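Below: one structure, written as structure tokens.
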Amino acid sequence: MTNEMAAGEGGAGIEAIGLVREFKKGPRAVDGIDLRVEPGEIYGFLGPNGAGKSTTVLMLTTLLPPTAGIARVAGHDVVGEGPEVRSAIGAALQEAALDPLLTGREHMRLQTALHGIGREERERRGGELLERVGLSQAADRKVGGYSGGMKRRLDLALALAHEPRILFLDEPTTGLDIQSRTALWEEVARLAAEEGVTVFLTTQYLEEADALADRVGIIDHGKIVAEGTPAALKAEIGRPTVVAIPRDPAQRQLTIDVLGRFGECAESDHKGGAVQLAGGESELAEVVRALDAEGVAIESLNLHAPSLDDVFLAKTGRSLEGADEAEAEAEEAVAEGAPA
Amino acid sequence: MNEGLRSQVGQLAHRSVIRTLRQPAQFVPALIFPLFLLAVNSGGLKDATNLPGFPTDSYVTFALAVTFMQGALFSVMNSGTDLARDIETGFLNRLALTPLRGAALLTGLLAGSIVLGVVQGFVYLVVGLAGGAELAAGLGGAVVIVALSVAVTTAFGTIGMFAALRTGSGEAVQGLFPVFFVFLFLSSSSLPLELLKTEWFHAVASVNPVSYLLQAFRSVLIEGWNLGELALGFGIAFALFAIGMTAASSALKTRLVRT
């Protein structure tokens with residue numbers, strides 16, 4: 001084993017080298033990806049539908065054998081040590097897989113029992129997790145009557161039933177309203193910060209990756225096209241631009257001169273000036289102070305920061321919004337367990 | 001069975017029973033439909049008892065055995081569609097991520113079929129007796145009939161599970177229902193084997209295991225204690241169970257591709 005596999009050894013890390021998954025009737029759903037997630041880190045796996053996100057999760061969670069490559073999760077090989085991997089991980093896969101005829105509490109009992117947790121501990125832990133995800137009141141209602149947000153929260157609680165060190169969340173907030181989404185983000189962030197849980201999160205929401213992930217991997221057509229912290233990825237493709245328009249048109253030149261202190265300033269719509277901040281977003285406060293010091297009364301001040309969509313666009317030539325539908329079919333085949 | 005496996009089977013059995021009891025739309029037709037056919041057949045075919053060699057003068061007693069078989073066919077639907085739904089919704093993947101053993105999954109799922117078998121056996125027997133059927137073997141025979149009902153229902157349940165695991169589709173499982181009904185009709189369901197005079201029909205019914213399952217039920221209802229017929233009936237149920245379980249276990253291995 002190489003030193004490069006250290007993140008996957010012993011602790012709560014994830015590492016993959018040259019991971020491939022091919023299907024009989026489709027292209028390579030995952031085409032030789034390398035990734036490394038450190039213990040306690042939240043790793044956002046971002047990409048459009050059919051990019052290979054879910055296939056990667058299925059391989060890392062031992063539910064689908066890789067065609068080639070190596071992956072270690074919590075120090076265990078996903079092919080040779082499946083049971084050890086499964087005991088270390090929790091997973092909430094795409095579409096909360098729940099039984100509509102069981103109650104939330106019955107789900108917790110089943111999940112904890114299947115993980116071999118004793119009866120007393122089972123009740124205590126189940127109650128605690130239901131409380132934590134805000135489902136105590138609804139615990140004895142059948143899941144068929146739950147909202148999408150409640151189902152996702154129960155799904156998360158079930159994934160945590162055996163106190164896993166690593167959590168896989170496959171598009172956990174797809175279809176949720178903003179309130180439910182924010183609540184789930186908060187819980188995931190808390191798990192990583194307070195309990196040191198490593199989180200591998202797939203998403204097609206840019207703001208989700210931006211808000212939650214310590215690092216982001218962008219996948220397209222089965223390959224990782226960019227990886228790094230959200231800030232570093234955005235910085236790679238350009239610095240943020242600040243556009244200032246004075247209230248008094250006579251102060252336009254003064255505005256441009258002040259902005260010029262922070263970089264090469266350009267006119268903006270003949271009304272004000274625009275400058276790329278060499279020092280990043282943190283320079284915005286200094287820009288405001290400098291304009292104020294020169295007595296420039298500002299009509300509007302806008303900061304245009306590059307988004308992860310800009311990063312995706314720069315790396316693939318396409319917007320993240322424009323998913324490749326054809327490849328989505330391959331991913332569907334994976335979800336159905338079609339053998340290679 | 002060790003502690004861990006017993007606990008897993010217990011939990012899955014509990015779930016299976018809960019699911020069965022919470023779906024009246026699934027088990028009520030399994031109770032009513034066979035009884036409805038019993039009423040129709042015993043009314044319309046009662047003159048068949050006048051045929052020389054017919055084993056009883058009560059056609060409802062003769063036809064009651066078919067009711068148990070029809071009820072067992074519904075278990076194919078229940079166990080199969082439940083499992084197919086688990087596959088379709090991804091619930092099976094959730095289970096696959098736990099240390100669950102395949103044997104526990106299959107055994108636990110059959111618990112719902114067993115409960116259904118007990119309830120069906122009891123209800124059919126009570127309604128049949130109330131409708132004029134005889135029970136030659138007495139109270140002990142009632143226990144044996146319910147036990148045979150459970151054995152047949154469970155055996156057929158394994159076939160439903162195999163179909164679900166092989167296809168992953170609830171619709172495909174439901175498509176089996178008419179196929180099984182053909183087996184039921186091509187048996188001694190309407191007349192005793194020896195009174196089936198059409199050569200090809202007699203030949204088919206003679207090799208159809210359903211005929212011998214029916215004979216086991218009838219022996220208790222009509223004759224009393226015929227250990228040979230009972231042993232054959234229970235033996236066929238056990239053989240079907242063994243074949244169904246083996247096939248379902250193999251299909252589960254293919255379906256659960258976890259490493």
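Note on naming: chains are A, B, ... as they come in the structure tokens, residues start from 1 per chain, ligands start from 1 in the order shown.
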Could you give me, as number ranges by chain, the residues within 9 Å of Val173 of chain B, counting only C-alpha atoms and dropping anything in the same chain fewer than 6 positions from it?
-> B: 76-77, 80-81, 84, 160-161, 163-164, 167
Output the selection as a PDB file, in the first residue's frame - C-alpha atoms for each residue.
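See out-v9.pdb below for the written result:
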```pdb
ATOM      1  CA  VAL B  76     -47.202 -15.385  -3.457  1.00  0.00           C
ATOM      2  CA  MET B  77     -48.535 -11.909  -4.137  1.00  0.00           C
ATOM      3  CA  GLY B  80     -43.428 -11.101  -3.492  1.00  0.00           C
ATOM      4  CA  THR B  81     -44.886  -7.634  -3.921  1.00  0.00           C
ATOM      5  CA  ALA B  84     -40.344  -6.077  -4.888  1.00  0.00           C
ATOM      6  CA  GLY B 160     -43.077 -14.985  -4.617  1.00  0.00           C
ATOM      7  CA  MET B 161     -39.823 -13.869  -3.006  1.00  0.00           C
ATOM      8  CA  ALA B 163     -39.800 -13.782  -8.427  1.00  0.00           C
ATOM      9  CA  ALA B 164     -39.360 -10.440  -6.662  1.00  0.00           C
ATOM     10  CA  THR B 167     -37.180  -9.324 -11.461  1.00  0.00           C
TER      11      THR B 167
END
```
Using the chain letters and numbers from this document, which residues of segment 82-313 of chain A does DSSP assign to strand (DSSP E), as a PyMOL selection string?
-> chain A and resi 89-92+166-170+198-203+215-220+223-228+241-246+265-268+272-276+298-304
Could you save those same residues with N, CA and C atoms as a short mmCIF file (atom, residue, chain, number, x, y, z; two decimals), in the first residue's frame?
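Generated file (again-v3.cif):
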```cif
data_model
loop_
_atom_site.label_atom_id
_atom_site.label_comp_id
_atom_site.auth_asym_id
_atom_site.auth_seq_id
_atom_site.Cartn_x
_atom_site.Cartn_y
_atom_site.Cartn_z
N ILE A 89 -19.60 3.07 8.41
CA ILE A 89 -20.27 4.15 7.67
C ILE A 89 -21.78 4.18 7.92
N GLY A 90 -22.33 5.37 7.70
CA GLY A 90 -23.78 5.51 7.63
C GLY A 90 -24.07 6.13 6.28
N ALA A 91 -25.22 5.83 5.72
CA ALA A 91 -25.51 6.37 4.40
C ALA A 91 -26.98 6.70 4.24
N ALA A 92 -27.22 7.87 3.68
CA ALA A 92 -28.57 8.24 3.27
C ALA A 92 -28.49 8.38 1.76
N ILE A 166 -18.14 7.78 9.45
CA ILE A 166 -18.21 8.41 8.12
C ILE A 166 -19.66 8.38 7.64
N LEU A 167 -20.07 9.49 7.09
CA LEU A 167 -21.46 9.59 6.65
C LEU A 167 -21.49 9.92 5.15
N PHE A 168 -22.23 9.12 4.40
CA PHE A 168 -22.42 9.38 2.97
C PHE A 168 -23.84 9.92 2.78
N LEU A 169 -23.94 11.08 2.18
CA LEU A 169 -25.25 11.67 1.93
C LEU A 169 -25.36 11.93 0.43
N ASP A 170 -26.27 11.20 -0.21
CA ASP A 170 -26.40 11.32 -1.66
C ASP A 170 -27.58 12.24 -1.98
N THR A 198 -16.83 12.36 9.42
CA THR A 198 -16.43 12.69 8.05
C THR A 198 -17.68 12.61 7.18
N VAL A 199 -17.89 13.62 6.35
CA VAL A 199 -19.11 13.64 5.55
C VAL A 199 -18.75 13.69 4.06
N PHE A 200 -19.28 12.74 3.33
CA PHE A 200 -19.13 12.73 1.87
C PHE A 200 -20.51 13.04 1.30
N LEU A 201 -20.64 14.21 0.72
CA LEU A 201 -21.95 14.73 0.35
C LEU A 201 -22.02 14.96 -1.16
N THR A 202 -22.95 14.31 -1.82
CA THR A 202 -23.11 14.62 -3.25
C THR A 202 -24.25 15.62 -3.39
N THR A 203 -24.10 16.49 -4.34
CA THR A 203 -25.15 17.49 -4.53
C THR A 203 -25.08 18.06 -5.94
N ARG A 215 -14.13 21.07 1.34
CA ARG A 215 -13.54 20.97 0.00
C ARG A 215 -14.58 20.42 -0.95
N VAL A 216 -14.40 20.75 -2.22
CA VAL A 216 -15.37 20.33 -3.24
C VAL A 216 -14.64 19.61 -4.35
N GLY A 217 -15.23 18.51 -4.81
CA GLY A 217 -14.75 17.85 -6.02
C GLY A 217 -15.84 18.01 -7.07
N ILE A 218 -15.48 18.48 -8.24
CA ILE A 218 -16.48 18.64 -9.30
C ILE A 218 -16.31 17.50 -10.29
N ILE A 219 -17.39 16.76 -10.50
CA ILE A 219 -17.32 15.59 -11.38
C ILE A 219 -18.18 15.83 -12.62
N ASP A 220 -17.66 15.41 -13.75
CA ASP A 220 -18.40 15.53 -15.01
C ASP A 220 -18.01 14.37 -15.90
N LYS A 223 -15.44 11.95 -14.53
CA LYS A 223 -14.08 12.37 -14.17
C LYS A 223 -14.14 13.58 -13.25
N ILE A 224 -13.20 13.65 -12.33
CA ILE A 224 -13.13 14.84 -11.48
C ILE A 224 -12.39 15.92 -12.27
N VAL A 225 -13.09 17.04 -12.50
CA VAL A 225 -12.50 18.09 -13.33
C VAL A 225 -11.90 19.22 -12.50
N ALA A 226 -12.25 19.28 -11.23
CA ALA A 226 -11.67 20.31 -10.35
C ALA A 226 -11.84 19.86 -8.91
N GLU A 227 -10.92 20.26 -8.07
CA GLU A 227 -11.02 19.89 -6.65
C GLU A 227 -10.30 20.94 -5.82
N GLY A 228 -10.87 21.28 -4.70
CA GLY A 228 -10.24 22.25 -3.80
C GLY A 228 -11.28 22.87 -2.89
N THR A 241 -15.27 41.07 -8.36
CA THR A 241 -15.29 42.43 -8.91
C THR A 241 -16.27 43.28 -8.11
N VAL A 242 -15.81 44.51 -7.76
CA VAL A 242 -16.73 45.42 -7.08
C VAL A 242 -17.09 46.55 -8.06
N VAL A 243 -18.39 46.84 -8.12
CA VAL A 243 -18.88 47.91 -9.01
C VAL A 243 -19.49 49.00 -8.13
N ALA A 244 -18.98 50.23 -8.25
CA ALA A 244 -19.48 51.34 -7.42
C ALA A 244 -20.03 52.44 -8.33
N ILE A 245 -21.24 52.89 -8.04
CA ILE A 245 -21.86 53.98 -8.81
C ILE A 245 -22.17 55.12 -7.83
N PRO A 246 -21.60 56.31 -8.08
CA PRO A 246 -21.84 57.43 -7.15
C PRO A 246 -23.24 58.01 -7.34
N CYS A 265 -8.84 49.81 -12.72
CA CYS A 265 -10.27 50.13 -12.68
C CYS A 265 -10.81 50.42 -14.08
N ALA A 266 -12.01 49.94 -14.30
CA ALA A 266 -12.66 50.20 -15.59
C ALA A 266 -13.96 50.94 -15.33
N GLU A 267 -14.42 51.67 -16.36
CA GLU A 267 -15.70 52.35 -16.24
C GLU A 267 -16.83 51.32 -16.21
N SER A 268 -17.90 51.67 -15.55
CA SER A 268 -19.05 50.77 -15.53
C SER A 268 -20.27 51.50 -16.02
N GLY A 272 -20.13 54.74 -13.19
CA GLY A 272 -19.22 54.57 -12.07
C GLY A 272 -18.02 53.77 -12.50
N GLY A 273 -17.45 53.00 -11.55
CA GLY A 273 -16.26 52.22 -11.88
C GLY A 273 -16.37 50.80 -11.37
N ALA A 274 -15.54 49.95 -11.95
CA ALA A 274 -15.51 48.55 -11.53
C ALA A 274 -14.05 48.11 -11.42
N VAL A 275 -13.75 47.34 -10.37
CA VAL A 275 -12.38 46.88 -10.19
C VAL A 275 -12.37 45.46 -9.66
N GLN A 276 -11.42 44.67 -10.15
CA GLN A 276 -11.24 43.31 -9.61
C GLN A 276 -10.38 43.43 -8.35
N ILE A 298 -22.42 57.07 -2.27
CA ILE A 298 -22.63 55.92 -3.17
C ILE A 298 -24.11 55.65 -3.43
N GLU A 299 -24.43 55.51 -4.72
CA GLU A 299 -25.80 55.13 -5.12
C GLU A 299 -25.99 53.62 -4.98
N SER A 300 -25.00 52.88 -5.50
CA SER A 300 -25.04 51.41 -5.36
C SER A 300 -23.63 50.85 -5.36
N LEU A 301 -23.48 49.76 -4.63
CA LEU A 301 -22.19 49.09 -4.54
C LEU A 301 -22.45 47.59 -4.63
N ASN A 302 -21.93 46.96 -5.67
CA ASN A 302 -22.20 45.52 -5.86
C ASN A 302 -20.91 44.72 -5.95
N LEU A 303 -20.94 43.57 -5.30
CA LEU A 303 -19.79 42.67 -5.38
C LEU A 303 -20.18 41.47 -6.23
N HIS A 304 -19.46 41.24 -7.29
CA HIS A 304 -19.73 40.08 -8.14
C HIS A 304 -18.65 39.04 -7.91
#
```
Using only C-alpha atoms, determine which residues lie at most 12 Å from Lys197 of chain B, disregarding the query and same-chain residues fewer than 6 positions distant; provide the list as a list in words.
-> Ser188, Leu191, Ala203, Val204, Ala205 and Ser206 of chain B
Near chain A, 7 Å: chain B residue rows, closest pairs, only C-alpha atoms, as JSON lines:
```
{"residue": "B:Gly4", "atom": "CA", "partner": "A:Gly116", "partner_atom": "CA", "distance": 6.7}
{"residue": "B:Gln8", "atom": "CA", "partner": "A:Leu114", "partner_atom": "CA", "distance": 5.6}
{"residue": "B:Gln11", "atom": "CA", "partner": "A:Leu110", "partner_atom": "CA", "distance": 6.0}
{"residue": "B:Arg19", "atom": "CA", "partner": "A:Leu101", "partner_atom": "CA", "distance": 6.2}
{"residue": "B:Arg22", "atom": "CA", "partner": "A:Leu101", "partner_atom": "CA", "distance": 6.9}
{"residue": "B:Thr89", "atom": "CA", "partner": "A:Ala97", "partner_atom": "CA", "distance": 5.6}
{"residue": "B:Gly90", "atom": "CA", "partner": "A:Ala97", "partner_atom": "CA", "distance": 5.1}
{"residue": "B:Phe91", "atom": "CA", "partner": "A:Ala97", "partner_atom": "CA", "distance": 4.8}
{"residue": "B:Arg94", "atom": "CA", "partner": "A:Ala97", "partner_atom": "CA", "distance": 6.9}
{"residue": "B:Leu97", "atom": "CA", "partner": "A:Arg86", "partner_atom": "CA", "distance": 5.8}
{"residue": "B:Thr98", "atom": "CA", "partner": "A:His115", "partner_atom": "CA", "distance": 5.8}
{"residue": "B:Pro99", "atom": "CA", "partner": "A:His115", "partner_atom": "CA", "distance": 6.1}
{"residue": "B:Leu100", "atom": "CA", "partner": "A:Leu114", "partner_atom": "CA", "distance": 6.1}
{"residue": "B:Val257", "atom": "CA", "partner": "A:Leu64", "partner_atom": "CA", "distance": 6.1}
{"residue": "B:Arg258", "atom": "CA", "partner": "A:Leu63", "partner_atom": "CA", "distance": 4.2}
{"residue": "B:Thr259", "atom": "CA", "partner": "A:Gly82", "partner_atom": "CA", "distance": 5.0}
```
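Nearest-residue note for Tyr212 of chain B: choosing from B:Thr61, B:Ser189, B:Gln70, B:Gln120, the minimum distance belongs to B:Ser189, counting only C-alpha atoms.
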Residue list (alpha helix (DSSP H), DSSP) for segment 43-238 of chain B, as a VMD selection string | chain B and resid 43 to 44 59 to 89 91 to 96 102 to 130 138 to 167 170 to 174 176 to 185 199 to 207 209 to 218 227 to 238
Generate the output file for the selected residues, C-alpha atoms, as a compact mmCIF listing (two decimals), in the first residue's frame.
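Below you can see again-v4.txt, which holds the result:
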```txt
# COMPACT_ATOMS: atom_id res chain seq x y z
CA GLY B 43 -73.67 -24.26 -5.14
CA GLY B 44 -73.12 -24.85 -8.86
CA TYR B 59 -69.48 -30.84 -2.27
CA VAL B 60 -68.67 -27.95 0.07
CA THR B 61 -66.44 -30.34 2.06
CA PHE B 62 -64.72 -31.39 -1.17
CA ALA B 63 -64.36 -27.81 -2.45
CA LEU B 64 -63.08 -26.39 0.85
CA ALA B 65 -59.63 -27.81 0.09
CA VAL B 66 -59.46 -25.58 -3.01
CA THR B 67 -60.16 -22.59 -0.80
CA PHE B 68 -56.98 -23.26 1.21
CA MET B 69 -54.98 -23.54 -2.01
CA GLN B 70 -56.40 -20.31 -3.43
CA GLY B 71 -55.56 -18.56 -0.18
CA ALA B 72 -51.99 -19.83 -0.43
CA LEU B 73 -51.71 -18.34 -3.92
CA PHE B 74 -52.36 -14.91 -2.43
CA SER B 75 -49.27 -15.34 -0.28
CA VAL B 76 -47.20 -15.39 -3.46
CA MET B 77 -48.54 -11.91 -4.14
CA ASN B 78 -48.08 -10.66 -0.58
CA SER B 79 -44.53 -11.77 0.08
CA GLY B 80 -43.43 -11.10 -3.49
CA THR B 81 -44.89 -7.63 -3.92
CA ASP B 82 -43.63 -6.54 -0.49
CA LEU B 83 -40.10 -7.55 -1.38
CA ALA B 84 -40.34 -6.08 -4.89
CA ARG B 85 -41.43 -2.79 -3.35
CA ASP B 86 -38.39 -2.88 -1.04
CA ILE B 87 -36.20 -3.28 -4.11
CA GLU B 88 -37.95 -0.55 -6.07
CA THR B 89 -37.83 1.98 -3.23
CA PHE B 91 -35.21 -0.12 1.13
CA LEU B 92 -33.27 -3.28 0.31
CA ASN B 93 -30.15 -1.13 -0.11
CA ARG B 94 -30.79 0.34 3.33
CA LEU B 95 -30.93 -3.19 4.73
CA ALA B 96 -27.84 -4.15 2.73
CA GLY B 102 -29.46 -12.95 3.67
CA ALA B 103 -31.00 -15.85 5.57
CA ALA B 104 -32.46 -13.43 8.12
CA LEU B 105 -34.02 -11.31 5.40
CA LEU B 106 -35.76 -14.22 3.71
CA THR B 107 -36.87 -15.90 6.92
CA GLY B 108 -38.11 -12.64 8.38
CA LEU B 109 -40.06 -11.81 5.27
CA LEU B 110 -41.84 -15.15 5.43
CA ALA B 111 -43.25 -14.28 8.85
CA GLY B 112 -45.95 -12.24 7.15
CA SER B 113 -46.86 -15.27 5.02
CA ILE B 114 -47.00 -17.48 8.11
CA VAL B 115 -49.36 -15.09 9.90
CA LEU B 116 -51.49 -14.92 6.78
CA GLY B 117 -51.49 -18.72 6.58
CA VAL B 118 -52.68 -19.07 10.17
CA VAL B 119 -55.43 -16.47 9.77
CA GLN B 120 -56.55 -17.86 6.42
CA GLY B 121 -56.54 -21.46 7.65
CA PHE B 122 -58.63 -20.57 10.68
CA VAL B 123 -61.12 -18.34 8.84
CA TYR B 124 -61.63 -20.73 5.91
CA LEU B 125 -62.17 -23.63 8.25
CA VAL B 126 -64.65 -21.79 10.46
CA VAL B 127 -66.60 -20.40 7.51
CA GLY B 128 -66.50 -23.76 5.72
CA LEU B 129 -67.82 -25.64 8.74
CA ALA B 130 -70.50 -23.00 9.24
CA GLY B 138 -62.22 -33.76 14.44
CA LEU B 139 -60.51 -31.06 16.50
CA GLY B 140 -57.03 -32.50 15.94
CA GLY B 141 -57.75 -32.37 12.23
CA ALA B 142 -58.48 -28.66 12.50
CA VAL B 143 -55.01 -28.11 13.93
CA VAL B 144 -53.47 -30.18 11.14
CA ILE B 145 -55.41 -28.27 8.48
CA VAL B 146 -54.20 -24.92 9.81
CA ALA B 147 -50.64 -26.31 9.98
CA LEU B 148 -50.90 -27.54 6.38
CA SER B 149 -52.30 -24.17 5.34
CA VAL B 150 -49.27 -22.47 6.92
CA ALA B 151 -46.87 -24.92 5.25
CA VAL B 152 -48.38 -24.41 1.79
CA THR B 153 -48.70 -20.64 2.20
CA THR B 154 -45.08 -20.36 3.32
CA ALA B 155 -43.86 -22.59 0.50
CA PHE B 156 -45.70 -20.51 -2.10
CA GLY B 157 -44.39 -17.36 -0.37
CA THR B 158 -40.81 -18.38 -1.17
CA ILE B 159 -41.72 -18.53 -4.86
CA GLY B 160 -43.08 -14.99 -4.62
CA MET B 161 -39.82 -13.87 -3.01
CA PHE B 162 -37.77 -15.54 -5.72
CA ALA B 163 -39.80 -13.78 -8.43
CA ALA B 164 -39.36 -10.44 -6.66
CA LEU B 165 -35.61 -10.86 -6.25
CA ARG B 166 -35.16 -12.08 -9.81
CA THR B 167 -37.18 -9.32 -11.46
CA GLY B 170 -44.00 -5.78 -8.30
CA GLU B 171 -45.84 -6.01 -11.62
CA ALA B 172 -43.84 -9.08 -12.62
CA VAL B 173 -44.72 -10.76 -9.32
CA GLN B 174 -48.40 -10.02 -9.83
CA LEU B 176 -47.43 -14.86 -11.66
CA PHE B 177 -50.92 -14.99 -10.21
CA PRO B 178 -52.69 -16.22 -13.36
CA VAL B 179 -49.90 -18.74 -13.96
CA PHE B 180 -50.49 -20.27 -10.54
CA PHE B 181 -54.23 -20.30 -11.16
CA VAL B 182 -53.65 -22.37 -14.28
CA PHE B 183 -51.80 -24.89 -12.09
CA LEU B 184 -54.77 -24.92 -9.73
CA PHE B 185 -57.28 -25.51 -12.52
CA GLU B 199 -57.02 -38.56 -20.69
CA TRP B 200 -54.74 -35.56 -21.14
CA PHE B 201 -56.34 -33.71 -18.22
CA HIS B 202 -55.95 -36.73 -15.98
CA ALA B 203 -52.32 -37.06 -17.00
CA VAL B 204 -51.56 -33.41 -16.28
CA ALA B 205 -53.44 -33.42 -12.98
CA SER B 206 -51.63 -36.61 -11.94
CA VAL B 207 -48.21 -34.96 -12.19
CA PRO B 209 -48.24 -31.35 -7.17
CA VAL B 210 -51.24 -29.17 -6.42
CA SER B 211 -53.45 -32.27 -6.77
CA TYR B 212 -51.62 -33.95 -3.89
CA LEU B 213 -51.75 -30.85 -1.72
CA LEU B 214 -55.52 -30.81 -2.30
CA GLN B 215 -55.73 -34.49 -1.43
CA ALA B 216 -53.94 -33.88 1.85
CA PHE B 217 -56.51 -31.26 2.84
CA ARG B 218 -59.38 -33.48 1.66
CA LEU B 227 -51.16 -40.50 7.24
CA GLY B 228 -49.96 -41.37 3.74
CA GLU B 229 -51.90 -38.52 2.12
CA LEU B 230 -50.82 -36.12 4.87
CA ALA B 231 -47.17 -37.09 4.60
CA LEU B 232 -47.33 -36.57 0.84
CA GLY B 233 -48.98 -33.14 1.26
CA PHE B 234 -46.54 -31.93 3.88
CA GLY B 235 -43.67 -33.45 1.90
CA ILE B 236 -44.63 -31.58 -1.26
CA ALA B 237 -45.03 -28.35 0.72
CA PHE B 238 -41.58 -28.87 2.24
```
Near segment 139-142 of chain A, within 10 Å and counting only C-alpha atoms, which residues show up once chain neighbours fewer than 3 positions away are dropped, as a list in words?
-> Asp99, Pro100, Leu101, Leu102, Thr103, Gly104, Arg105, Glu106, His107, Met108, Gly126, Gly127, Leu130, Glu131, Gly134, Leu135, Ser136, Gly145, Tyr146 and Leu154 of chain A
Pick from A:Pro39, A:Pro27, A:Gly13, A:Gly222: nearest to Leu60 of chain A, with only C-alpha atoms counted?
->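 The shortest atom-to-atom distance to Leu60 of chain A comes from A:Gly13.
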Do a neighbour search on segment 51-56 of chain B at 8 Å with only C-alpha atoms, toss out local chain neighbours closer than 6 positions, and write the hits as a list of chain:residue names.
->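 The residues that qualify are B:Phe62, B:Pro192, B:Leu195, B:Ile222.
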